[in-house]
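Structure file target-v2.pdb; described as PDB, C-alpha atoms.
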```pdb
MODEL        1
ATOM      1  CA  MET A 212     217.062  60.504  64.141
ATOM      2  CA  ILE A 213     220.046  62.818  64.416
ATOM      3  CA  LEU A 214     220.257  65.256  67.304
ATOM      4  CA  SER A 215     222.690  68.041  68.151
ATOM      5  CA  ALA A 216     223.202  69.523  71.577
ATOM      6  CA  GLY A 217     225.683  72.306  70.802
ATOM      7  CA  GLU A 218     225.351  75.648  72.587
ATOM      8  CA  PHE A 219     225.734  78.530  70.155
ATOM      9  CA  THR A 220     226.812  82.100  70.916
ATOM     10  CA  GLY A 221     225.774  84.921  68.640
ATOM     11  CA  VAL A 222     223.390  87.781  68.043
ATOM     12  CA  PRO A 223     219.676  87.493  67.294
ATOM     13  CA  LEU A 224     219.070  87.827  63.563
ATOM     14  CA  ALA A 225     216.234  90.223  64.481
ATOM     15  CA  ALA A 226     218.757  92.708  65.930
ATOM     16  CA  VAL A 227     220.780  92.677  62.701
ATOM     17  CA  LEU A 228     217.656  93.059  60.581
ATOM     18  CA  ASP A 229     216.516  95.960  62.774
ATOM     19  CA  GLN A 230     219.818  97.753  62.105
ATOM     20  CA  ALA A 231     219.683  96.951  58.382
ATOM     21  CA  GLY A 232     216.056  97.993  58.053
ATOM     22  CA  LEU A 233     213.311  95.832  56.629
ATOM     23  CA  GLY A 234     210.993  96.997  53.889
ATOM     24  CA  PRO A 235     207.299  97.123  54.804
ATOM     25  CA  ARG A 236     206.509  94.316  52.335
ATOM     26  CA  ALA A 237     209.246  91.944  53.535
ATOM     27  CA  ALA A 238     207.969  88.376  53.908
ATOM     28  CA  HIS A 239     211.209  86.350  53.906
ATOM     29  CA  VAL A 240     214.883  86.822  54.660
ATOM     30  CA  ARG A 241     217.356  85.282  52.233
ATOM     31  CA  ALA A 242     220.283  83.605  53.958
ATOM     32  CA  GLU A 243     223.085  82.832  51.516
ATOM     33  CA  GLY A 244     226.219  80.848  52.281
ATOM     34  CA  TRP A 245     229.602  80.849  50.559
ATOM     35  CA  ASP A 246     229.268  77.166  49.578
ATOM     36  CA  GLU A 247     228.689  76.873  45.855
ATOM     37  CA  GLY A 248     227.797  73.909  43.691
ATOM     38  CA  VAL A 249     225.312  72.098  41.502
ATOM     39  CA  PRO A 250     223.008  69.361  42.840
ATOM     40  CA  ALA A 251     223.420  65.918  41.256
ATOM     41  CA  SER A 252     219.788  66.134  40.130
ATOM     42  CA  ALA A 253     220.314  69.386  38.184
ATOM     43  CA  SER A 254     219.934  69.550  34.419
ATOM     44  CA  PRO A 255     223.155  69.290  32.404
ATOM     45  CA  GLY A 256     224.695  72.719  31.932
ATOM     46  CA  THR A 257     223.286  74.171  35.158
ATOM     47  CA  LYS A 258     225.739  76.781  36.416
ATOM     48  CA  PRO A 259     226.974  76.519  40.014
ATOM     49  CA  PHE A 260     225.100  78.654  42.528
ATOM     50  CA  PHE A 261     225.425  79.589  46.196
ATOM     51  CA  TYR A 262     223.425  77.623  48.774
ATOM     52  CA  ASP A 263     220.616  79.752  50.175
ATOM     53  CA  LYS A 264     217.324  79.569  52.055
ATOM     54  CA  GLY A 265     214.337  81.930  52.180
ATOM     55  CA  LEU A 266     213.523  82.060  55.881
ATOM     56  CA  PRO A 267     209.971  83.270  56.613
ATOM     57  CA  LEU A 268     210.049  86.631  58.377
ATOM     58  CA  GLU A 269     208.228  85.316  61.459
ATOM     59  CA  LYS A 270     210.986  82.728  62.050
ATOM     60  CA  ALA A 271     213.772  85.164  61.117
ATOM     61  CA  LEU A 272     212.536  87.588  63.785
ATOM     62  CA  HIS A 273     212.161  84.902  66.476
ATOM     63  CA  PRO A 274     214.586  85.715  69.347
ATOM     64  CA  ASP A 275     216.129  82.215  69.227
ATOM     65  CA  THR A 276     217.132  82.551  65.548
ATOM     66  CA  ILE A 277     220.713  83.814  65.688
ATOM     67  CA  LEU A 278     223.819  84.562  63.688
ATOM     68  CA  ALA A 279     226.385  82.510  65.604
ATOM     69  CA  TRP A 280     230.154  82.861  65.798
ATOM     70  CA  ALA A 281     230.854  80.364  68.580
ATOM     71  CA  MET A 282     229.755  76.894  69.635
ATOM     72  CA  ASN A 283     230.265  75.370  73.076
ATOM     73  CA  GLY A 284     232.279  78.398  74.198
ATOM     74  CA  GLU A 285     234.782  78.339  71.320
ATOM     75  CA  LEU A 286     234.864  80.183  68.018
ATOM     76  CA  LEU A 287     233.291  78.194  65.210
ATOM     77  CA  GLU A 288     235.573  76.008  63.167
ATOM     78  CA  HIS A 289     235.341  76.136  59.384
ATOM     79  CA  LEU A 290     233.582  72.752  59.324
ATOM     80  CA  HIS A 291     230.799  74.191  61.504
ATOM     81  CA  GLY A 292     230.275  77.354  59.445
ATOM     82  CA  ALA A 293     232.949  79.855  60.554
ATOM     83  CA  PRO A 294     233.147  82.736  60.673
ATOM     84  CA  VAL A 295     229.340  83.127  61.027
ATOM     85  CA  ARG A 296     226.423  80.769  60.524
ATOM     86  CA  LEU A 297     222.684  81.051  60.869
ATOM     87  CA  VAL A 298     221.140  78.920  63.636
ATOM     88  CA  VAL A 299     217.408  78.201  63.339
ATOM     89  CA  PRO A 300     216.357  76.162  66.404
ATOM     90  CA  GLY A 301     213.528  73.692  65.978
ATOM     91  CA  TRP A 302     213.913  73.476  62.199
ATOM     92  CA  SER A 303     215.914  70.895  60.254
ATOM     93  CA  GLY A 304     219.638  71.513  59.947
ATOM     94  CA  ASN A 305     219.491  72.582  56.296
ATOM     95  CA  TRP A 306     217.921  75.878  57.477
ATOM     96  CA  SER A 307     221.012  76.709  59.566
ATOM     97  CA  VAL A 308     223.015  78.070  56.656
ATOM     98  CA  LYS A 309     226.792  77.906  57.142
ATOM     99  CA  TRP A 310     229.397  80.425  55.964
ATOM    100  CA  ILE A 311     226.932  83.350  55.729
ATOM    101  CA  ARG A 312     227.896  85.901  53.089
TER     102      ARG A 312
ENDMDL
END
```
Can I see the file as structure tokens?
Amino acid sequence: MILSAGEFTGVPLAAVLDQAGLGPRAAHVRAEGWDEGVPASASPGTKPFFYDKGLPLEKALHPDTILAWAMNGELLEHLHGAPVRLVVPGWSGNWSVKWIR
């Protein structure tokens, strides 16, 4: 088991979504990162695409789900998703999309 104990600083994703406005039929929030590629299991000829996740609205609006710009009191480093990354506590790390675009 892998565990992380970093303390992130940011803004709740819910606050950003409130400012942006959600449609009445919204069910998920798409989080897309700047990292682009093709999985090894993809069919030959598959074009590169950006890494993304469709976060269910209930989790996206949870107050602990944040857009973070700092970890452990210091601005994020590129390796950790700078300038901004999604942090989804309690879910596996692949939901915490780095390099949000």
Can you build me a table of range 268-309 of chain A residues sitting at most 12 Å from range 233-254 of chain A, with the closest atom pair per residue and its distance in Å to one decimal, using all atoms listed in the file, sorted by chain and residue number, as CSV?
```
residue,atom,partner,partner_atom,distance
A:Leu268,CA,A:His239,CA,4.6
A:Glu269,CA,A:Ala238,CA,8.2
A:Lys270,CA,A:His239,CA,8.9
A:Ala271,CA,A:Val240,CA,6.8
A:Leu272,CA,A:Val240,CA,9.5
A:Thr276,CA,A:Val240,CA,11.9
A:Ile277,CA,A:Ala242,CA,11.7
A:Leu278,CA,A:Ala242,CA,10.4
A:His289,CA,A:Trp245,CA,11.5
A:Leu290,CA,A:Asp246,CA,11.5
A:Gly292,CA,A:Gly244,CA,8.9
A:Ala293,CA,A:Trp245,CA,10.6
A:Pro294,CA,A:Trp245,CA,10.9
A:Val295,CA,A:Gly244,CA,9.6
A:Arg296,CA,A:Gly244,CA,8.2
A:Leu297,CA,A:Ala242,CA,7.7
A:Val298,CA,A:Ala242,CA,10.8
A:Val299,CA,A:Ala242,CA,11.2
A:Asn305,CA,A:Ala242,CA,11.3
A:Trp306,CA,A:Ala242,CA,8.8
A:Ser307,CA,A:Ala242,CA,8.9
A:Val308,CA,A:Gly244,CA,6.1
A:Lys309,CA,A:Gly244,CA,5.7
```
Any chance you can output those residues with C-alpha atoms as a short mmCIF file (atom, residue, chain, number, x, y, z; two decimals), in the coordinates of the input?
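Produced file out_9.cif, reproduced below:
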```
data_model
loop_
_atom_site.label_atom_id
_atom_site.label_comp_id
_atom_site.auth_asym_id
_atom_site.auth_seq_id
_atom_site.Cartn_x
_atom_site.Cartn_y
_atom_site.Cartn_z
CA LEU A 268 210.05 86.63 58.38
CA GLU A 269 208.23 85.32 61.46
CA LYS A 270 210.99 82.73 62.05
CA ALA A 271 213.77 85.16 61.12
CA LEU A 272 212.54 87.59 63.78
CA THR A 276 217.13 82.55 65.55
CA ILE A 277 220.71 83.81 65.69
CA LEU A 278 223.82 84.56 63.69
CA HIS A 289 235.34 76.14 59.38
CA LEU A 290 233.58 72.75 59.32
CA GLY A 292 230.28 77.35 59.44
CA ALA A 293 232.95 79.86 60.55
CA PRO A 294 233.15 82.74 60.67
CA VAL A 295 229.34 83.13 61.03
CA ARG A 296 226.42 80.77 60.52
CA LEU A 297 222.68 81.05 60.87
CA VAL A 298 221.14 78.92 63.64
CA VAL A 299 217.41 78.20 63.34
CA ASN A 305 219.49 72.58 56.30
CA TRP A 306 217.92 75.88 57.48
CA SER A 307 221.01 76.71 59.57
CA VAL A 308 223.02 78.07 56.66
CA LYS A 309 226.79 77.91 57.14
#
```
*Determine the residue set returned by the PyMOL selection byres ((chain A and resi 220) around 6) for the present structure, and present it as an NGL selection string.*
:A and (219 or 221 or 279 or 281)
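For the pair CA of Ala225 in chain A and CA of Pro274 in chain A, the separation is 6.8 Å.
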*Kindly resolve the PyMOL selection byres ((chain A and resi 218) around 6) on the present coordinates and return the residues as a list in words.*
Gly217, Phe219, Met282 and Asn283 of chain A
_Residue with smallest distance to Gly301 in chain A - pool A:Glu285, A:Trp280, A:Asp275, A:Lys258, counting all atoms listed in the file_ = A:Asp275
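Here CA of Pro300 in chain A and CA of Val222 in chain A stand 13.7 Å from one another.
Here CA of Gln230 in chain A stands at a distance of 26.9 Å from CA of Glu288 in chain A.
Restricting the calculation to only C-alpha atoms, the smallest distance between Arg312 in chain A and any of A:Gly284, A:Leu266, A:Phe261, A:Ala216 is found for A:Phe261.
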